[in-house]
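Pasting model_7.cif here (mmCIF, C-alpha atoms and all ligand atoms):
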```cif
data_query
#
loop_
_atom_site.label_atom_id
_atom_site.label_comp_id
_atom_site.auth_asym_id
_atom_site.auth_seq_id
_atom_site.Cartn_x
_atom_site.Cartn_y
_atom_site.Cartn_z
CA MET M 1 0.00 0.00 0.00
CA ILE M 2 1.69 3.19 -1.18
CA LEU M 3 0.42 6.75 -1.02
CA ASN M 4 1.95 8.49 -4.05
CA THR M 5 0.51 11.98 -3.78
CA LEU M 6 -1.61 13.93 -1.33
CA SER M 7 -3.41 17.14 -2.07
CA LEU M 8 -5.00 19.26 0.65
CA VAL M 9 -7.39 22.17 0.31
CA ASN M 10 -8.49 24.05 3.45
CA TYR M 11 -7.62 21.10 5.65
CA LYS M 12 -6.90 22.46 9.16
CA ASN M 13 -3.99 24.92 8.78
CA PHE M 14 -3.29 24.00 5.11
CA GLU M 15 -4.85 26.27 2.52
CA SER M 16 -3.55 24.49 -0.53
CA GLN M 17 -0.74 21.95 -0.51
CA VAL M 18 0.47 19.08 -2.66
CA PHE M 19 2.89 16.36 -1.53
CA ASP M 20 4.65 13.95 -3.83
CA PHE M 21 5.80 11.05 -1.64
CA ASP M 22 8.61 8.56 -1.52
CA ALA M 23 7.51 4.93 -1.68
CA LYS M 24 9.37 4.13 1.56
CA ILE M 25 10.02 6.87 4.13
CA ASN M 26 8.59 10.37 4.33
CA CYS M 27 9.33 12.89 7.07
CA PHE M 28 7.39 16.05 7.89
CA VAL M 29 9.68 18.39 9.81
CA GLY M 30 9.31 21.90 11.18
CA ALA M 31 8.64 23.97 14.29
CA ASN M 32 5.77 23.40 16.69
CA GLY M 33 2.39 24.15 15.20
CA VAL M 34 3.38 24.20 11.51
CA GLY M 35 1.03 21.34 10.66
CA LYS M 36 3.13 18.15 10.80
CA THR M 37 0.51 16.23 12.76
CA ASN M 38 -2.20 17.71 10.54
CA ALA M 39 -0.48 16.25 7.47
CA LEU M 40 -0.44 12.81 9.11
CA ASP M 41 -4.05 13.27 10.14
CA ALA M 42 -5.01 14.01 6.54
CA ILE M 43 -3.54 10.62 5.56
CA TYR M 44 -5.46 9.02 8.43
CA HIS M 45 -8.60 10.68 7.02
CA LEU M 46 -8.13 8.88 3.71
CA ALA M 47 -8.10 5.51 5.49
CA PHE M 48 -10.85 6.04 8.08
CA GLY M 49 -12.88 8.94 6.72
CA LYS M 50 -12.28 10.87 9.93
CA SER M 51 -9.60 12.53 12.01
CA TYR M 52 -7.59 10.58 14.59
CA PHE M 53 -7.25 13.69 16.73
CA ASN M 54 -10.40 15.75 16.34
CA PRO M 55 -13.70 13.86 16.19
CA ILE M 56 -15.65 17.04 15.42
CA ALA M 57 -15.64 16.92 11.62
CA LEU M 58 -16.35 20.64 11.07
CA GLN M 59 -13.29 21.62 13.12
CA ASN M 60 -11.11 20.01 10.46
CA ILE M 61 -12.16 22.67 7.95
CA LYS M 62 -9.69 25.57 7.88
CA HIS M 63 -10.96 28.49 9.96
CA ASP M 64 -13.08 30.98 7.95
CA THR M 65 -13.40 28.70 4.92
CA GLU M 66 -16.37 26.67 3.70
CA PHE M 67 -15.02 23.20 2.88
CA PHE M 68 -12.02 20.90 2.94
CA VAL M 69 -10.79 18.37 0.41
CA VAL M 70 -8.22 15.64 1.12
CA ASP M 71 -7.25 13.88 -2.08
CA GLY M 72 -4.88 10.89 -2.17
CA ASN M 73 -3.49 8.78 -4.96
CA PHE M 74 -2.52 5.27 -3.88
CA THR M 75 -1.02 2.16 -5.41
CA LYS M 76 -2.57 -1.00 -4.01
CA LEU M 77 -1.68 -4.40 -5.43
CA GLU M 78 -0.35 -2.67 -8.53
CA ARG M 79 -3.55 -0.76 -9.13
CA THR M 80 -4.02 2.98 -8.84
CA GLU M 81 -6.70 4.03 -6.38
CA ARG M 82 -7.85 7.59 -5.81
CA ILE M 83 -9.53 8.37 -2.49
CA VAL M 84 -11.11 11.78 -1.89
CA VAL M 85 -12.65 12.89 1.39
CA SER M 86 -14.48 16.20 1.41
CA LEU M 87 -16.70 18.15 3.73
CA LYS M 88 -18.67 21.31 3.14
CA ARG M 89 -20.28 23.22 5.99
CA GLY M 90 -23.97 22.34 6.24
CA GLN M 91 -23.55 19.19 4.17
CA LYS M 92 -22.64 15.57 4.76
CA LYS M 93 -19.10 14.32 4.44
CA ILE M 94 -18.35 12.53 1.16
CA ILE M 95 -15.82 9.75 0.61
CA LYS M 96 -15.12 8.79 -2.97
CA ARG M 97 -13.10 5.92 -4.38
CA ASN M 98 -12.11 6.44 -8.01
CA GLY M 99 -14.83 9.05 -8.42
CA LYS M 100 -17.65 7.00 -6.91
CA ALA M 101 -19.12 8.07 -3.56
CA TYR M 102 -19.53 5.41 -0.87
CA GLU M 103 -23.08 4.97 0.37
CA LYS M 104 -21.84 3.54 3.63
CA PHE M 105 -18.51 4.76 5.02
CA SER M 106 -18.06 1.41 6.75
CA ASP M 107 -17.56 -0.14 3.29
CA HIS M 108 -14.33 1.85 3.00
CA ILE M 109 -12.84 0.71 6.33
CA GLY M 110 -9.97 -1.69 5.73
CA PHE M 111 -9.46 -0.65 2.12
CA ILE M 112 -6.46 1.50 3.05
CA PRO M 113 -4.78 -0.44 5.89
CA LEU M 114 -3.13 2.04 8.21
CA VAL M 115 -1.64 2.19 11.70
CA ILE M 116 -0.84 5.37 13.60
CA ILE M 117 1.55 5.68 16.54
CA SER M 118 1.12 8.97 18.35
CA PRO M 119 1.60 10.53 21.79
CA ALA M 120 -2.22 10.67 21.87
CA ASP M 121 -2.18 6.87 22.21
CA ARG M 122 -1.58 7.32 25.94
CA ASP M 123 -5.37 7.71 26.14
CA LEU M 124 -5.48 3.94 25.67
CA ILE M 125 -3.92 3.59 29.11
CA ILE M 126 -5.36 6.53 30.98
CA GLU M 127 -8.89 6.87 29.59
CA GLY M 128 -12.00 4.71 30.05
CA SER M 129 -12.82 1.35 28.49
CA ASP M 130 -14.45 2.85 25.37
CA THR M 131 -11.01 3.97 24.10
CA ARG M 132 -9.70 0.39 24.36
CA ARG M 133 -12.85 -1.04 22.76
CA LYS M 134 -12.42 1.41 19.88
CA PHE M 135 -8.85 0.19 19.45
CA ILE M 136 -9.77 -3.49 19.37
CA ASP M 137 -12.76 -2.76 17.08
CA SER M 138 -10.65 -0.74 14.69
CA VAL M 139 -8.03 -3.51 14.43
CA ILE M 140 -10.55 -6.27 13.78
CA SER M 141 -12.72 -4.14 11.47
CA GLN M 142 -9.81 -3.40 9.15
CA SER M 143 -9.69 -7.05 8.19
CA ASP M 144 -13.19 -8.34 8.94
CA LYS M 145 -16.23 -6.71 7.33
CA THR M 146 -18.75 -9.01 9.07
CA TYR M 147 -17.38 -7.93 12.45
CA LEU M 148 -17.92 -4.26 11.64
CA SER M 149 -21.44 -4.90 10.47
CA ALA M 150 -22.29 -6.92 13.64
CA LEU M 151 -20.89 -4.06 15.69
CA ILE M 152 -22.95 -1.43 13.87
CA SER M 153 -26.10 -3.56 14.24
CA TYR M 154 -25.41 -4.22 17.93
CA ASN M 155 -25.05 -0.49 18.62
CA LYS M 156 -28.25 0.27 16.76
CA VAL M 157 -30.28 -2.30 18.72
CA LEU M 158 -28.61 -1.18 21.95
CA SER M 159 -29.74 2.42 21.48
CA GLN M 160 -33.27 1.21 20.60
CA ARG M 161 -33.34 -0.89 23.78
CA ASN M 162 -32.10 2.06 25.82
CA ALA M 163 -34.74 4.31 24.30
CA LEU M 164 -37.40 1.74 25.20
CA LEU M 165 -36.17 1.55 28.81
CA LYS M 166 -36.42 5.35 28.98
CA TYR M 167 -39.91 5.24 27.50
CA PHE M 168 -41.00 2.68 30.11
CA ALA M 169 -39.69 4.88 32.91
CA LEU M 170 -41.20 8.09 31.54
CA ASN M 171 -44.62 6.54 30.97
CA ASN M 172 -44.56 4.30 33.99
CA THR M 173 -45.25 1.27 31.83
CA PHE M 174 -43.60 -2.01 30.81
CA ASN M 175 -43.87 -4.38 27.86
CA GLY M 176 -41.82 -7.57 28.22
CA ASP M 177 -42.60 -8.80 24.68
CA THR M 178 -41.11 -5.77 22.93
CA LEU M 179 -38.07 -5.87 25.19
CA ALA M 180 -37.62 -9.60 24.45
CA ILE M 181 -37.29 -8.85 20.71
CA TYR M 182 -34.42 -6.46 21.40
CA ASN M 183 -32.86 -8.89 23.88
CA GLU M 184 -32.75 -11.66 21.29
CA GLN M 185 -31.24 -9.44 18.62
CA LEU M 186 -28.69 -8.05 21.03
CA ASN M 187 -27.80 -11.56 22.15
CA ALA M 188 -27.13 -12.75 18.59
CA TYR M 189 -24.88 -9.79 17.72
CA ALA M 190 -23.12 -9.90 21.10
CA SER M 191 -22.24 -13.60 20.72
CA GLU M 192 -20.68 -12.88 17.35
CA ILE M 193 -18.73 -9.86 18.64
CA PHE M 194 -17.56 -11.74 21.76
CA LYS M 195 -16.41 -14.75 19.74
CA LYS M 196 -14.50 -12.60 17.26
CA ARG M 197 -12.84 -10.51 19.99
CA GLU M 198 -11.77 -13.72 21.72
CA GLU M 199 -10.41 -15.25 18.51
CA PHE M 200 -8.63 -12.03 17.63
CA LEU M 201 -6.91 -11.77 21.01
CA LYS M 202 -5.69 -15.35 20.82
CA ILE M 203 -3.67 -14.38 17.75
CA PHE M 204 -2.89 -10.83 18.80
CA ILE M 205 -1.54 -11.28 22.35
CA PRO M 206 1.49 -13.46 21.43
CA ILE M 207 2.46 -11.01 18.64
CA PHE M 208 2.12 -8.13 21.09
CA LYS M 209 4.32 -9.84 23.70
CA GLU M 210 6.98 -10.55 21.12
CA ARG M 211 6.99 -6.93 19.98
CA TYR M 212 7.26 -5.69 23.57
CA GLU M 213 10.24 -7.91 24.28
CA ALA M 214 11.99 -6.68 21.16
CA ILE M 215 11.44 -3.01 22.00
CA SER M 216 12.01 -3.01 25.74
CA GLN M 217 14.74 -5.64 26.00
CA SER M 218 13.78 -6.07 29.63
CA LYS M 219 12.50 -8.76 31.91
CA GLU M 220 9.12 -7.51 33.05
CA VAL M 221 6.18 -9.62 32.02
CA ILE M 222 3.42 -7.75 30.26
CA ASP M 223 -0.01 -9.04 29.43
CA LEU M 224 -3.36 -8.15 27.91
CA LYS M 225 -6.54 -9.62 29.33
CA TYR M 226 -9.96 -9.57 27.76
CA LYS M 227 -12.70 -8.65 30.22
CA SER M 228 -16.29 -9.35 29.23
CA ASP M 229 -19.62 -10.06 30.95
CA LEU M 230 -20.07 -12.81 28.39
CA PHE M 231 -17.41 -15.06 29.95
CA GLU M 232 -19.96 -15.57 32.73
CA ARG M 233 -23.11 -16.40 30.77
CA GLU M 234 -24.88 -15.70 27.49
CA LEU M 235 -26.10 -12.13 27.12
CA ILE M 236 -29.75 -13.19 27.00
CA ASP M 237 -29.47 -14.56 30.57
CA LEU M 238 -27.52 -11.55 31.76
CA LEU M 239 -30.16 -9.18 30.36
CA GLN M 240 -32.83 -11.14 32.17
CA SER M 241 -31.09 -11.09 35.54
CA ASN M 242 -30.22 -7.38 35.21
CA LEU M 243 -33.69 -6.32 34.14
CA ASN M 244 -34.60 -4.47 37.33
CA LYS M 245 -31.27 -2.69 37.39
CA ASP M 246 -31.62 -1.67 33.72
CA LYS M 247 -35.17 -0.43 34.32
CA ALA M 248 -33.93 1.73 37.19
CA LEU M 249 -30.90 3.03 35.27
CA GLN M 250 -32.89 3.42 32.02
CA TYR M 251 -30.05 1.92 30.01
CA THR M 252 -28.49 -1.47 29.33
CA SER M 253 -25.87 -2.20 31.94
CA VAL M 254 -24.48 -5.49 30.58
CA GLY M 255 -23.18 -6.54 27.17
CA THR M 256 -20.22 -6.33 24.83
CA HIS M 257 -20.44 -2.53 24.96
CA LYS M 258 -18.97 -2.88 28.46
CA ASP M 259 -16.04 -5.10 27.44
CA ASP M 260 -12.54 -3.96 28.29
CA LEU M 261 -8.91 -4.84 27.75
CA VAL M 262 -6.82 -4.96 30.91
CA PHE M 263 -3.19 -3.88 30.47
CA LEU M 264 -0.85 -5.58 32.95
CA ILE M 265 2.79 -5.38 33.89
CA ASP M 266 4.00 -8.15 36.21
CA ASP M 267 0.32 -8.81 36.94
CA PHE M 268 -0.43 -5.24 38.04
CA PRO M 269 -2.28 -2.53 36.06
CA ILE M 270 0.22 -0.65 33.90
CA LYS M 271 -1.68 2.60 34.42
CA LYS M 272 -0.72 2.64 38.10
CA PHE M 273 2.45 0.54 38.21
CA GLY M 274 4.18 1.03 34.86
CA SER M 275 7.00 3.58 34.50
CA GLN M 276 6.66 6.22 31.77
CA GLY M 277 9.11 4.34 29.58
CA GLN M 278 7.33 1.02 30.12
CA GLN M 279 4.00 2.62 29.25
CA LYS M 280 5.43 4.06 26.03
CA SER M 281 6.98 0.73 25.03
CA PHE M 282 3.68 -0.98 25.85
CA LEU M 283 1.75 1.35 23.53
CA ILE M 284 4.25 1.07 20.71
CA ALA M 285 4.24 -2.73 21.00
CA LEU M 286 0.46 -2.62 20.85
CA LYS M 287 0.52 -0.59 17.65
CA LEU M 288 3.27 -2.63 16.01
CA ALA M 289 1.30 -5.78 16.83
CA GLN M 290 -1.66 -4.11 15.12
CA PHE M 291 0.58 -3.57 12.10
CA ASP M 292 1.61 -7.26 12.09
CA PHE M 293 -1.93 -8.49 12.55
CA ILE M 294 -3.36 -6.41 9.70
CA LYS M 295 -0.48 -7.41 7.44
CA GLN M 296 -1.06 -11.07 8.32
CA GLN M 297 -4.82 -10.91 7.70
CA SER M 298 -4.93 -8.72 4.61
CA GLY M 299 -1.61 -9.57 2.97
CA VAL M 300 -0.95 -5.83 2.53
CA ALA M 301 1.62 -3.93 4.60
CA PRO M 302 -0.29 -1.05 6.26
CA ILE M 303 0.87 2.54 5.97
CA LEU M 304 2.57 3.48 9.24
CA LEU M 305 2.23 6.99 10.68
CA LEU M 306 4.75 7.86 13.40
CA ASP M 307 3.70 11.10 15.03
CA ASP M 308 6.21 13.02 17.15
CA ILE M 309 7.91 9.80 18.07
CA PHE M 310 11.43 11.24 18.49
CA ASP M 311 10.22 13.46 21.29
CA LYS M 312 9.07 10.48 23.25
CA LEU M 313 11.79 7.93 22.56
CA ASP M 314 15.56 8.09 22.15
CA GLU M 315 17.12 7.81 18.70
CA ASN M 316 18.22 4.21 19.20
CA ARG M 317 14.72 3.08 19.96
CA VAL M 318 13.26 4.98 17.05
CA ALA M 319 15.84 3.44 14.71
CA GLN M 320 14.95 0.07 16.16
CA ILE M 321 11.25 0.62 15.53
CA ILE M 322 11.76 1.73 11.95
CA SER M 323 14.04 -1.21 11.21
CA LEU M 324 11.63 -3.61 12.89
CA VAL M 325 9.14 -2.64 10.25
CA ASP M 326 11.80 -2.58 7.57
CA ASP M 327 13.10 -6.01 8.46
CA GLU M 328 10.39 -8.35 7.45
CA HIS M 329 7.86 -6.46 5.46
CA PHE M 330 8.32 -2.88 4.55
CA GLY M 331 5.32 -0.72 4.03
CA GLN M 332 5.42 3.03 3.68
CA ILE M 333 6.24 5.19 6.69
CA PHE M 334 5.37 8.80 7.48
CA ILE M 335 7.21 10.48 10.35
CA SER M 336 6.71 13.85 11.99
CA ASP M 337 9.41 15.58 14.02
CA THR M 338 10.53 19.05 15.03
CA HIS M 339 14.23 18.43 14.23
CA ALA M 340 15.16 17.84 10.60
CA ASP M 341 18.74 16.79 11.46
CA ARG M 342 17.75 14.25 14.06
CA THR M 343 15.18 12.71 11.73
CA GLU M 344 17.55 12.57 8.80
CA ASN M 345 20.33 11.01 10.88
CA VAL M 346 18.16 8.14 12.01
CA VAL M 347 16.37 7.58 8.74
CA LYS M 348 19.57 7.68 6.65
CA GLN M 349 21.06 4.80 8.61
CA ILE M 350 18.12 2.58 7.80
CA HIS M 351 17.19 3.36 4.25
CA GLN M 352 18.69 5.25 1.33
CA SER M 353 15.32 6.13 -0.05
CA TYR M 354 13.42 8.84 1.83
CA LYS M 355 11.93 12.33 1.45
CA LEU M 356 12.00 15.23 3.85
CA PHE M 357 9.21 17.83 3.78
CA LYS M 358 10.07 21.06 5.55
CA LEU M 359 6.80 22.68 6.60
N1 LIG P 1 -9.52 24.07 11.55
C1 LIG P 1 -8.34 24.70 11.60
N2 LIG P 1 -8.13 25.83 10.88
C2 LIG P 1 -6.94 26.46 10.90
N3 LIG P 1 -5.89 26.05 11.63
C3 LIG P 1 -6.04 24.93 12.36
C4 LIG P 1 -7.26 24.20 12.37
N4 LIG P 1 -7.11 23.12 13.20
C5 LIG P 1 -5.85 23.20 13.67
N5 LIG P 1 -5.20 24.27 13.18
C6 LIG P 1 -3.83 24.73 13.44
O1 LIG P 1 -2.90 23.71 13.18
C7 LIG P 1 -1.76 23.93 13.99
C8 LIG P 1 -1.33 22.66 14.68
O2 LIG P 1 -0.85 21.82 13.74
P1 LIG P 1 -0.19 20.44 14.15
O3 LIG P 1 -0.82 19.87 15.36
O4 LIG P 1 -0.13 19.63 12.94
O5 LIG P 1 1.26 20.97 14.57
P2 LIG P 1 2.62 20.20 14.60
O6 LIG P 1 3.47 20.72 13.50
O7 LIG P 1 2.40 18.75 14.67
O8 LIG P 1 3.15 20.76 15.98
P3 LIG P 1 3.90 20.07 17.21
O9 LIG P 1 5.33 19.95 16.84
O10 LIG P 1 3.68 21.07 18.30
O11 LIG P 1 3.23 18.75 17.48
C9 LIG P 1 -2.11 24.94 15.04
O12 LIG P 1 -1.47 26.14 14.71
C10 LIG P 1 -3.61 25.05 14.90
O13 LIG P 1 -4.07 26.31 15.21
#
```

As structure tokens, how would this structure be written, given the file I've shared?
Amino acid sequence: MILNTLSLVNYKNFESQVFDFDAKINCFVGANGVGKTNALDAIYHLAFGKSYFNPIALQNIKHDTEFFVVDGNFTKLERTERIVVSLKRGQKKIIKRNGKAYEKFSDHIGFIPLVIISPADRDLIIEGSDTRRKFIDSVISQSDKTYLSALISYNKVLSQRNALLKYFALNNTFNGDTLAIYNEQLNAYASEIFKKREEFLKIFIPIFKERYEAISQSKEVIDLKYKSDLFERELIDLLQSNLNKDKALQYTSVGTHKDDLVFLIDDFPIKKFGSQGQQKSFLIALKLAQFDFIKQQSGVAPILLLDDIFDKLDENRVAQIISLVDDEHFGQIFISDTHADRTENVVKQIHQSYKLFKL
């Protein structure tokens, strides 16, 4: 998967910009605030139809302008693919592949395999379970369309069930038959989601551990554990036994929407007991394992975005990370850094072919 060119119009701080990329390594360098992360985010947009950093779509349009266009020309399996994402104020976002607009954005997910490593990933450790569920969902969805569709359906039924619980409470009424229909649907989707998350983690965890060992070169034992209500019983039984609680809360308190991933270091939560360096290595190992998994499943090396990585890790570790990717299966890498010299020094040692973009 290679991004050949990228053209931006009114995307965040870019008014009009065209990049012609190297097939291997590309570095965006420049002072704080010049738009290095924004350039990476534009590439992320082409893969996921949204920003990695700012979920409010309209805030990605350049201030005081009416629309943005992110236009990318890729080579995938020797074919040229043009992806255009655009948004005009007051209108819906449009994603086009080779001139044809997608009806459902979810159809595009996985078409441009991509992994981003950014300081913002620390949210995976410090924030709530929804951040970790999003991570696991995004990894599986990139290689499994049926998973994404089960997830979308589950969320739809879940909000209908929650709306019904609210309606019951507001109108002081109850209808077990209607609720049972939602329970059955939710149960079917949840079983599928649970099974796929379990299967995914069986493959993913060993890759992750291997990556961590390679990066950290230390003895601590790290682990990932899948936490789900569904290990206990089927969702249909859980919904039944939690009915009174759900009626009181007016929302569904059990299900795969409550699943979590527990991050452990020597059997203790990494959030509380991991050093800064261990936490960073943990997150990078997680993302590199994502890279390996997607490559393994789709047969295509994902595009790798490394945001601000030199600020967080020393040069040796960065070189190690880049060559880890280079070793077995090179994809295309995009790096952002404030220091052109530092970036060039590290990159030069690993590959002769690279481009530096001074923003
Ligand atoms: N919608 C927008 N319109 C105009 N400018 C924007 C918009 N959104 C963000 N910006 C600007 O983009 C700049 C930040 O860009 P970015 O985060 O890419 O910087 P960076 O080069 O990665 O910096 P750092 O080295 O500090 O990480 C800020 O100046 C911000 O004001």

Polymer residues at most 6 Å from segment 188-191 of chain M, only C-alpha atoms, same-chain spacing of 5 or more positions, as an MDAnalysis selection string: chainID M and resid 150 154 256

Compile a residue-level contact table for chain M against ligand LIG 1 (chain P) at a cut-off of 9 Å, reporting for every qualifying residue the shortest atom pair and its distance in Å to one decimal, with only C-alpha atoms and all ligand atoms counted, rows ordered by chain and ascending number, as JSON lines.
```
{"residue": "M:Asn10", "atom": "CA", "partner": "P:LIG1", "partner_atom": "N2", "distance": 7.6}
{"residue": "M:Tyr11", "atom": "CA", "partner": "P:LIG1", "partner_atom": "N1", "distance": 6.9}
{"residue": "M:Lys12", "atom": "CA", "partner": "P:LIG1", "partner_atom": "C1", "distance": 3.6}
{"residue": "M:Asn13", "atom": "CA", "partner": "P:LIG1", "partner_atom": "N3", "distance": 3.6}
{"residue": "M:Phe14", "atom": "CA", "partner": "P:LIG1", "partner_atom": "C2", "distance": 7.3}
{"residue": "M:Glu15", "atom": "CA", "partner": "P:LIG1", "partner_atom": "C2", "distance": 8.6}
{"residue": "M:Phe28", "atom": "CA", "partner": "P:LIG1", "partner_atom": "O6", "distance": 8.3}
{"residue": "M:Val29", "atom": "CA", "partner": "P:LIG1", "partner_atom": "O6", "distance": 7.6}
{"residue": "M:Gly30", "atom": "CA", "partner": "P:LIG1", "partner_atom": "O6", "distance": 6.4}
{"residue": "M:Ala31", "atom": "CA", "partner": "P:LIG1", "partner_atom": "O9", "distance": 5.8}
{"residue": "M:Asn32", "atom": "CA", "partner": "P:LIG1", "partner_atom": "O9", "distance": 3.5}
{"residue": "M:Gly33", "atom": "CA", "partner": "P:LIG1", "partner_atom": "O5", "distance": 3.4}
{"residue": "M:Val34", "atom": "CA", "partner": "P:LIG1", "partner_atom": "O6", "distance": 4.0}
{"residue": "M:Gly35", "atom": "CA", "partner": "P:LIG1", "partner_atom": "O4", "distance": 3.1}
{"residue": "M:Lys36", "atom": "CA", "partner": "P:LIG1", "partner_atom": "O6", "distance": 3.7}
{"residue": "M:Thr37", "atom": "CA", "partner": "P:LIG1", "partner_atom": "O4", "distance": 3.5}
{"residue": "M:Asn38", "atom": "CA", "partner": "P:LIG1", "partner_atom": "O4", "distance": 3.7}
{"residue": "M:Ala39", "atom": "CA", "partner": "P:LIG1", "partner_atom": "O4", "distance": 6.4}
{"residue": "M:Leu40", "atom": "CA", "partner": "P:LIG1", "partner_atom": "O4", "distance": 7.8}
{"residue": "M:Asp41", "atom": "CA", "partner": "P:LIG1", "partner_atom": "O4", "distance": 8.0}
{"residue": "M:Asn54", "atom": "CA", "partner": "P:LIG1", "partner_atom": "N4", "distance": 8.7}
{"residue": "M:Leu58", "atom": "CA", "partner": "P:LIG1", "partner_atom": "N1", "distance": 7.7}
{"residue": "M:Gln59", "atom": "CA", "partner": "P:LIG1", "partner_atom": "N1", "distance": 4.8}
{"residue": "M:Asn60", "atom": "CA", "partner": "P:LIG1", "partner_atom": "N1", "distance": 4.5}
{"residue": "M:Ile61", "atom": "CA", "partner": "P:LIG1", "partner_atom": "N1", "distance": 4.7}
{"residue": "M:Lys62", "atom": "CA", "partner": "P:LIG1", "partner_atom": "N2", "distance": 3.4}
{"residue": "M:His63", "atom": "CA", "partner": "P:LIG1", "partner_atom": "N2", "distance": 4.0}
{"residue": "M:Asp64", "atom": "CA", "partner": "P:LIG1", "partner_atom": "N2", "distance": 7.7}
{"residue": "M:Thr65", "atom": "CA", "partner": "P:LIG1", "partner_atom": "N2", "distance": 8.5}
{"residue": "M:Asp307", "atom": "CA", "partner": "P:LIG1", "partner_atom": "O7", "distance": 7.8}
{"residue": "M:Asp308", "atom": "CA", "partner": "P:LIG1", "partner_atom": "O11", "distance": 6.5}
{"residue": "M:Ser336", "atom": "CA", "partner": "P:LIG1", "partner_atom": "O7", "distance": 7.1}
{"residue": "M:Asp337", "atom": "CA", "partner": "P:LIG1", "partner_atom": "O9", "distance": 6.6}
{"residue": "M:Thr338", "atom": "CA", "partner": "P:LIG1", "partner_atom": "O9", "distance": 5.6}
{"residue": "M:Leu359", "atom": "CA", "partner": "P:LIG1", "partner_atom": "O6", "distance": 7.9}
```

Which residues, written as a ChimeraX atom specification, have at least one atom at most 8 Å from segment 234-239 of chain M, with all atoms listed in the file counted and residues fewer than 6 positions away on the same chain left out? /M:183-184,186-187,190-191,252,254-255

Atom pair atom CA of Asp123 of chain M / atom CA of Leu46 of chain M: separation (Å): 22.6 Å

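The space between atom CA of Ala289 of chain M and atom CA of Val262 of chain M spans 16.3 Å.
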
Could you check the closest approach to Ser141 of chain M for each of M:Pro206, M:Gly110, M:Pro55, M:Pro269 and tell me which residue wins, using only C-alpha atoms?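 Closest to Ser141 of chain M, using only C-alpha atoms: M:Gly110.
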
Under the rule that all atoms listed in the file are counted, which of M:Leu261, M:Leu170, M:Leu304, M:Ile321 is the nearest residue to Asp130 of chain M?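 Residue with the minimum atom-to-atom distance to Asp130 of chain M: M:Leu261.
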
For Ile116 of chain M, which residue among M:Gln240, M:Ser129, M:Ser138, M:Ser228 is the nearest when counting only C-alpha atoms?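 Counting only C-alpha atoms, the residue closest to Ile116 of chain M is M:Ser138.
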
Tell me, in Å to one decimal, how far atom CA of Gln142 of chain M is from atom CA of His45 of chain M.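 Atom-to-atom, atom CA of Gln142 of chain M to atom CA of His45 of chain M, that is 14.3 Å.
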
Can you work out which one of M:Ile117, M:Gly176, M:Phe310, M:Phe263 has the shortest atom-to-atom distance to Ala340 of chain M, counting only C-alpha atoms?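 Selected residue with least distance to Ala340 of chain M: M:Phe310.
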
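Checking M:Gln332, M:Gln279, M:Ser7, M:Asn162 one by one against Leu249 of chain M, counting all atoms listed in the file, you find the shortest gap at M:Asn162.
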
Spatial neighbours of Ile2 of chain M, max dist 7 Å, only C-alpha atoms, sep filter under 3 positions, as an MDAnalysis selection string: chainID M and resid 23 74:76 332

Might you pull out every residue within 10 Å of Leu77 of chain M, with only C-alpha atoms counted and same-chain residues fewer than 3 positions away left off, and present them as a list of chain:residue names? M:Met1, M:Ile2, M:Phe74, M:Thr80, M:Glu81, M:Gly299, M:Val300

Restrict the selected residues to C-alpha atoms and save them as an mmCIF file, in the coordinates of the input.
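Writing the result to selection17.cif gives the following:
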```cif
data_model
loop_
_atom_site.group_PDB
_atom_site.id
_atom_site.type_symbol
_atom_site.label_atom_id
_atom_site.label_comp_id
_atom_site.auth_asym_id
_atom_site.auth_seq_id
_atom_site.Cartn_x
_atom_site.Cartn_y
_atom_site.Cartn_z
ATOM 1 C CA MET M 1 0.000 0.000 0.000
ATOM 2 C CA ILE M 2 1.690 3.190 -1.180
ATOM 3 C CA PHE M 74 -2.520 5.270 -3.880
ATOM 4 C CA THR M 80 -4.020 2.980 -8.840
ATOM 5 C CA GLU M 81 -6.700 4.030 -6.380
ATOM 6 C CA GLY M 299 -1.610 -9.570 2.970
ATOM 7 C CA VAL M 300 -0.950 -5.830 2.530
#
```

How about completing segment 233-239 of chain M with N, CA and C atoms and giving it to me as a PDB file, in the coordinates of the input?
```pdb
ATOM      1  N   ARG M 233     -21.920 -15.765  31.350  1.00  0.00           N
ATOM      2  CA  ARG M 233     -23.110 -16.400  30.770  1.00  0.00           C
ATOM      3  C   ARG M 233     -23.435 -15.736  29.442  1.00  0.00           C
ATOM      4  N   GLU M 234     -24.424 -16.316  28.741  1.00  0.00           N
ATOM      5  CA  GLU M 234     -24.880 -15.700  27.490  1.00  0.00           C
ATOM      6  C   GLU M 234     -25.574 -14.370  27.805  1.00  0.00           C
ATOM      7  N   LEU M 235     -25.529 -13.448  26.863  1.00  0.00           N
ATOM      8  CA  LEU M 235     -26.100 -12.130  27.120  1.00  0.00           C
ATOM      9  C   LEU M 235     -27.593 -12.203  27.448  1.00  0.00           C
ATOM     10  N   ILE M 236     -28.291 -13.105  26.786  1.00  0.00           N
ATOM     11  CA  ILE M 236     -29.750 -13.190  27.000  1.00  0.00           C
ATOM     12  C   ILE M 236     -30.071 -13.450  28.479  1.00  0.00           C
ATOM     13  N   ASP M 237     -29.270 -14.300  29.134  1.00  0.00           N
ATOM     14  CA  ASP M 237     -29.470 -14.560  30.570  1.00  0.00           C
ATOM     15  C   ASP M 237     -29.076 -13.355  31.407  1.00  0.00           C
ATOM     16  N   LEU M 238     -27.988 -12.720  31.014  1.00  0.00           N
ATOM     17  CA  LEU M 238     -27.520 -11.550  31.760  1.00  0.00           C
ATOM     18  C   LEU M 238     -28.552 -10.412  31.699  1.00  0.00           C
ATOM     19  N   LEU M 239     -29.168 -10.247  30.524  1.00  0.00           N
ATOM     20  CA  LEU M 239     -30.160  -9.180  30.360  1.00  0.00           C
ATOM     21  C   LEU M 239     -31.355  -9.455  31.267  1.00  0.00           C
TER      22      LEU M 239
END
```
